[in-house]
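Peer 1: mmCIF, N, CA and C atoms, file final.cif:
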```cif
data_model
loop_
_atom_site.label_atom_id
_atom_site.label_comp_id
_atom_site.auth_asym_id
_atom_site.auth_seq_id
_atom_site.Cartn_x
_atom_site.Cartn_y
_atom_site.Cartn_z
N MET A 1 105.16 90.24 120.47
CA MET A 1 105.17 89.07 119.63
C MET A 1 105.87 89.40 118.32
N LYS A 2 106.76 88.54 117.90
CA LYS A 2 107.51 88.74 116.67
C LYS A 2 106.60 88.61 115.45
N THR A 3 106.80 89.47 114.47
CA THR A 3 106.08 89.39 113.21
C THR A 3 106.95 88.65 112.22
N ASN A 4 106.51 87.49 111.80
CA ASN A 4 107.24 86.68 110.84
C ASN A 4 106.63 86.90 109.47
N LYS A 5 107.44 87.26 108.48
CA LYS A 5 106.92 87.57 107.14
C LYS A 5 106.23 86.39 106.47
N ASN A 6 106.49 85.18 106.92
CA ASN A 6 105.89 84.00 106.31
C ASN A 6 104.66 83.48 107.04
N ASP A 7 104.28 84.13 108.14
CA ASP A 7 103.06 83.74 108.84
C ASP A 7 101.84 84.15 108.03
N ALA A 8 100.72 83.50 108.28
CA ALA A 8 99.48 83.83 107.59
C ALA A 8 99.03 85.23 107.98
N ALA A 9 98.57 85.99 107.00
CA ALA A 9 98.10 87.35 107.26
C ALA A 9 96.82 87.33 108.08
N PHE A 10 95.99 86.34 107.83
CA PHE A 10 94.72 86.22 108.54
C PHE A 10 94.68 84.85 109.20
N ALA A 11 95.26 84.79 110.37
CA ALA A 11 95.38 83.51 111.07
C ALA A 11 94.01 82.97 111.45
N ARG A 12 93.91 81.68 111.35
CA ARG A 12 92.71 80.97 111.77
C ARG A 12 93.14 79.57 112.19
N PRO A 13 92.36 78.96 113.03
CA PRO A 13 92.74 77.62 113.47
C PRO A 13 92.75 76.65 112.28
N SER A 14 93.75 75.80 112.21
CA SER A 14 93.79 74.83 111.12
C SER A 14 92.94 73.62 111.48
N THR A 15 92.41 73.00 110.46
CA THR A 15 91.63 71.79 110.68
C THR A 15 92.54 70.59 110.48
N THR A 16 92.07 69.44 110.85
CA THR A 16 92.88 68.23 110.68
C THR A 16 93.07 67.89 109.21
N TYR A 17 92.23 68.46 108.34
CA TYR A 17 92.32 68.16 106.91
C TYR A 17 93.28 69.08 106.18
N GLU A 18 93.64 70.20 106.79
CA GLU A 18 94.55 71.14 106.16
C GLU A 18 95.99 70.74 106.45
N ARG A 19 96.76 70.63 105.41
CA ARG A 19 98.16 70.26 105.59
C ARG A 19 99.08 71.44 105.36
N GLU A 20 98.64 72.40 104.57
CA GLU A 20 99.46 73.56 104.27
C GLU A 20 98.70 74.82 104.60
N GLN A 21 99.46 75.87 104.80
CA GLN A 21 98.86 77.19 105.04
C GLN A 21 98.19 77.65 103.76
N SER A 22 97.01 78.20 103.90
CA SER A 22 96.33 78.75 102.73
C SER A 22 96.21 80.26 102.90
N GLY A 23 96.11 80.95 101.80
CA GLY A 23 95.96 82.40 101.86
C GLY A 23 97.30 83.12 101.76
N LEU A 24 97.25 84.42 101.99
CA LEU A 24 98.42 85.28 101.87
C LEU A 24 99.29 85.25 103.12
N THR A 25 100.59 85.40 102.91
CA THR A 25 101.48 85.60 104.05
C THR A 25 101.40 87.07 104.45
N LYS A 26 101.96 87.39 105.60
CA LYS A 26 101.99 88.79 106.03
C LYS A 26 102.76 89.64 105.03
N LEU A 27 103.87 89.12 104.52
CA LEU A 27 104.67 89.87 103.56
C LEU A 27 103.86 90.15 102.29
N GLU A 28 103.16 89.15 101.79
CA GLU A 28 102.34 89.34 100.60
C GLU A 28 101.22 90.35 100.84
N TYR A 29 100.59 90.26 101.98
CA TYR A 29 99.49 91.17 102.30
C TYR A 29 99.98 92.61 102.43
N PHE A 30 101.08 92.80 103.16
CA PHE A 30 101.63 94.16 103.32
C PHE A 30 102.09 94.72 101.98
N ALA A 31 102.70 93.87 101.13
CA ALA A 31 103.16 94.33 99.81
C ALA A 31 101.97 94.71 98.93
N ALA A 32 100.90 93.95 99.00
CA ALA A 32 99.71 94.27 98.20
C ALA A 32 99.11 95.61 98.64
N ALA A 33 99.07 95.84 99.94
CA ALA A 33 98.54 97.11 100.45
C ALA A 33 99.43 98.29 100.03
N ALA A 34 100.74 98.08 100.10
CA ALA A 34 101.68 99.14 99.68
C ALA A 34 101.55 99.39 98.19
N LEU A 35 101.43 98.34 97.40
CA LEU A 35 101.28 98.48 95.95
C LEU A 35 100.02 99.25 95.60
N GLN A 36 98.94 98.95 96.29
CA GLN A 36 97.69 99.65 96.06
C GLN A 36 97.85 101.15 96.34
N GLY A 37 98.49 101.48 97.44
CA GLY A 37 98.70 102.88 97.78
C GLY A 37 99.62 103.59 96.79
N LEU A 38 100.69 102.91 96.38
CA LEU A 38 101.61 103.51 95.42
C LEU A 38 100.93 103.77 94.08
N LEU A 39 100.15 102.83 93.62
CA LEU A 39 99.47 102.99 92.33
C LEU A 39 98.36 104.03 92.39
N ALA A 40 97.80 104.24 93.57
CA ALA A 40 96.72 105.22 93.72
C ALA A 40 97.24 106.66 93.69
N ASN A 41 98.54 106.83 93.90
CA ASN A 41 99.13 108.17 93.92
C ASN A 41 99.47 108.59 92.48
N SER A 42 98.62 109.37 91.88
CA SER A 42 98.80 109.75 90.48
C SER A 42 99.94 110.75 90.28
N SER A 43 100.47 111.32 91.35
CA SER A 43 101.56 112.27 91.20
C SER A 43 102.91 111.59 91.00
N ILE A 44 102.96 110.28 91.21
CA ILE A 44 104.20 109.54 91.00
C ILE A 44 104.20 108.98 89.58
N ASN A 45 105.25 109.26 88.85
CA ASN A 45 105.39 108.75 87.49
C ASN A 45 106.35 107.56 87.51
N TRP A 46 105.79 106.36 87.54
CA TRP A 46 106.62 105.16 87.61
C TRP A 46 107.20 104.87 86.24
N VAL A 47 108.50 104.65 86.19
CA VAL A 47 109.20 104.38 84.94
C VAL A 47 108.89 102.97 84.44
N SER A 48 108.77 102.04 85.37
CA SER A 48 108.49 100.66 84.98
C SER A 48 107.66 99.96 86.05
N GLU A 49 107.00 98.90 85.63
CA GLU A 49 106.22 98.10 86.57
C GLU A 49 107.15 97.47 87.61
N ASP A 50 108.33 97.10 87.18
CA ASP A 50 109.29 96.49 88.09
C ASP A 50 109.64 97.42 89.25
N LYS A 51 109.78 98.70 88.95
CA LYS A 51 110.16 99.66 89.98
C LYS A 51 109.04 99.81 91.03
N VAL A 52 107.80 99.89 90.59
CA VAL A 52 106.71 100.05 91.55
C VAL A 52 106.54 98.78 92.40
N VAL A 53 106.72 97.62 91.79
CA VAL A 53 106.60 96.37 92.54
C VAL A 53 107.72 96.25 93.57
N ARG A 54 108.94 96.59 93.15
CA ARG A 54 110.06 96.56 94.11
C ARG A 54 109.83 97.52 95.26
N SER A 55 109.30 98.70 94.95
CA SER A 55 109.03 99.69 96.00
C SER A 55 108.01 99.16 97.00
N ALA A 56 106.98 98.50 96.51
CA ALA A 56 105.97 97.93 97.40
C ALA A 56 106.57 96.86 98.29
N LEU A 57 107.45 96.05 97.74
CA LEU A 57 108.08 94.99 98.53
C LEU A 57 109.03 95.57 99.57
N VAL A 58 109.76 96.61 99.21
CA VAL A 58 110.64 97.28 100.17
C VAL A 58 109.81 97.85 101.32
N CYS A 59 108.69 98.48 101.00
CA CYS A 59 107.81 99.04 102.04
C CYS A 59 107.30 97.94 102.97
N ALA A 60 106.89 96.82 102.40
CA ALA A 60 106.37 95.70 103.20
C ALA A 60 107.44 95.16 104.14
N LYS A 61 108.65 94.98 103.62
CA LYS A 61 109.74 94.46 104.46
C LYS A 61 110.12 95.45 105.56
N MET A 62 110.10 96.73 105.22
CA MET A 62 110.41 97.75 106.23
C MET A 62 109.35 97.77 107.33
N LEU A 63 108.10 97.58 106.96
CA LEU A 63 107.03 97.54 107.96
C LEU A 63 107.24 96.37 108.92
N ILE A 64 107.56 95.22 108.38
CA ILE A 64 107.82 94.05 109.24
C ILE A 64 109.00 94.31 110.16
N ASP A 65 110.07 94.90 109.61
CA ASP A 65 111.23 95.24 110.45
C ASP A 65 110.86 96.21 111.57
N LYS A 66 110.09 97.24 111.24
CA LYS A 66 109.70 98.24 112.26
C LYS A 66 108.80 97.62 113.32
N LEU A 67 107.91 96.74 112.91
CA LEU A 67 107.05 96.06 113.88
C LEU A 67 107.89 95.23 114.84
N ASN A 68 108.90 94.58 114.30
CA ASN A 68 109.78 93.76 115.15
C ASN A 68 110.67 94.62 116.04
N GLU A 69 111.08 95.79 115.57
CA GLU A 69 111.84 96.71 116.40
C GLU A 69 111.03 97.14 117.61
N GLN A 70 109.76 97.36 117.40
CA GLN A 70 108.87 97.77 118.48
C GLN A 70 108.82 96.71 119.57
N GLU A 71 109.00 95.48 119.16
CA GLU A 71 108.98 94.37 120.12
C GLU A 71 110.38 94.02 120.60
N GLY A 72 111.40 94.71 120.07
CA GLY A 72 112.77 94.42 120.46
C GLY A 72 113.31 93.17 119.83
N VAL A 73 112.77 92.82 118.65
CA VAL A 73 113.19 91.63 117.95
C VAL A 73 113.68 92.03 116.57
N SER A 74 114.83 91.50 116.15
CA SER A 74 115.32 91.79 114.80
C SER A 74 114.77 90.75 113.84
N ASP A 75 114.74 91.11 112.55
CA ASP A 75 114.20 90.19 111.53
C ASP A 75 115.31 89.34 110.96
N GLU A 76 115.34 88.05 111.33
CA GLU A 76 116.34 87.18 110.79
C GLU A 76 115.85 86.51 109.51
N ASN A 77 114.66 86.90 109.03
CA ASN A 77 114.08 86.29 107.83
C ASN A 77 114.25 87.17 106.59
N LYS A 78 115.25 88.03 106.59
CA LYS A 78 115.44 88.94 105.43
C LYS A 78 115.83 88.18 104.19
#
```
Spell out the structure here as structure tokens.
Peer 2:
Amino acid sequence: MKTNKNDAAFARPSTTYEREQSGLTKLEYFAAAALQGLLANSSINWVSEDKVVRSALVCAKMLIDKLNEQEGVSDENK
């Protein structure tokens, strides 16, 4: 199954009253997990907040790409 970066991270059945997706996307969830890990590593001296955030986002996108490679699907949502 293809991993779409815009799908809900924690899928649940929608109700008739819900019109929009609520919660985090997979990309947001993976980036948050990567950011947490990067910030927990005290041996890394981050020069700026921007650099650590970009690194987390790169890690999240790479994870989605690798998951799709495993399924033989490329990520057209880059």
Peer 1: When you draw a straight line from atom C of Ala40 (chain A) to atom N of Leu67 (chain A), how long is it in Å?
Peer 2: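 Interatomic distance, atom C of Ala40 (chain A) to atom N of Leu67 (chain A): 24.1 Å.
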Peer 1: Applying the PyMOL selection byres ((chain A and resi 24-33) around 8) to the file I just gave you, which residues come out? Please list them as a PyMOL selection string.
Peer 2: chain A and resi 3-10+21-23+34-39+53+55-61+63-64
Peer 1: Quick check, in Å to one decimal: how far apart do CA of Asp65 (chain A) and CA of Lys2 (chain A) lie?
Peer 2: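 For CA of Asp65 (chain A) relative to CA of Lys2 (chain A), the distance reads 9.7 Å.
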Peer 1: Do you have the CA of Ser43 (chain A)-CA of Met62 (chain A) distance handy?
Peer 2: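 Rounded to one decimal, the two atoms are 22.7 Å apart.
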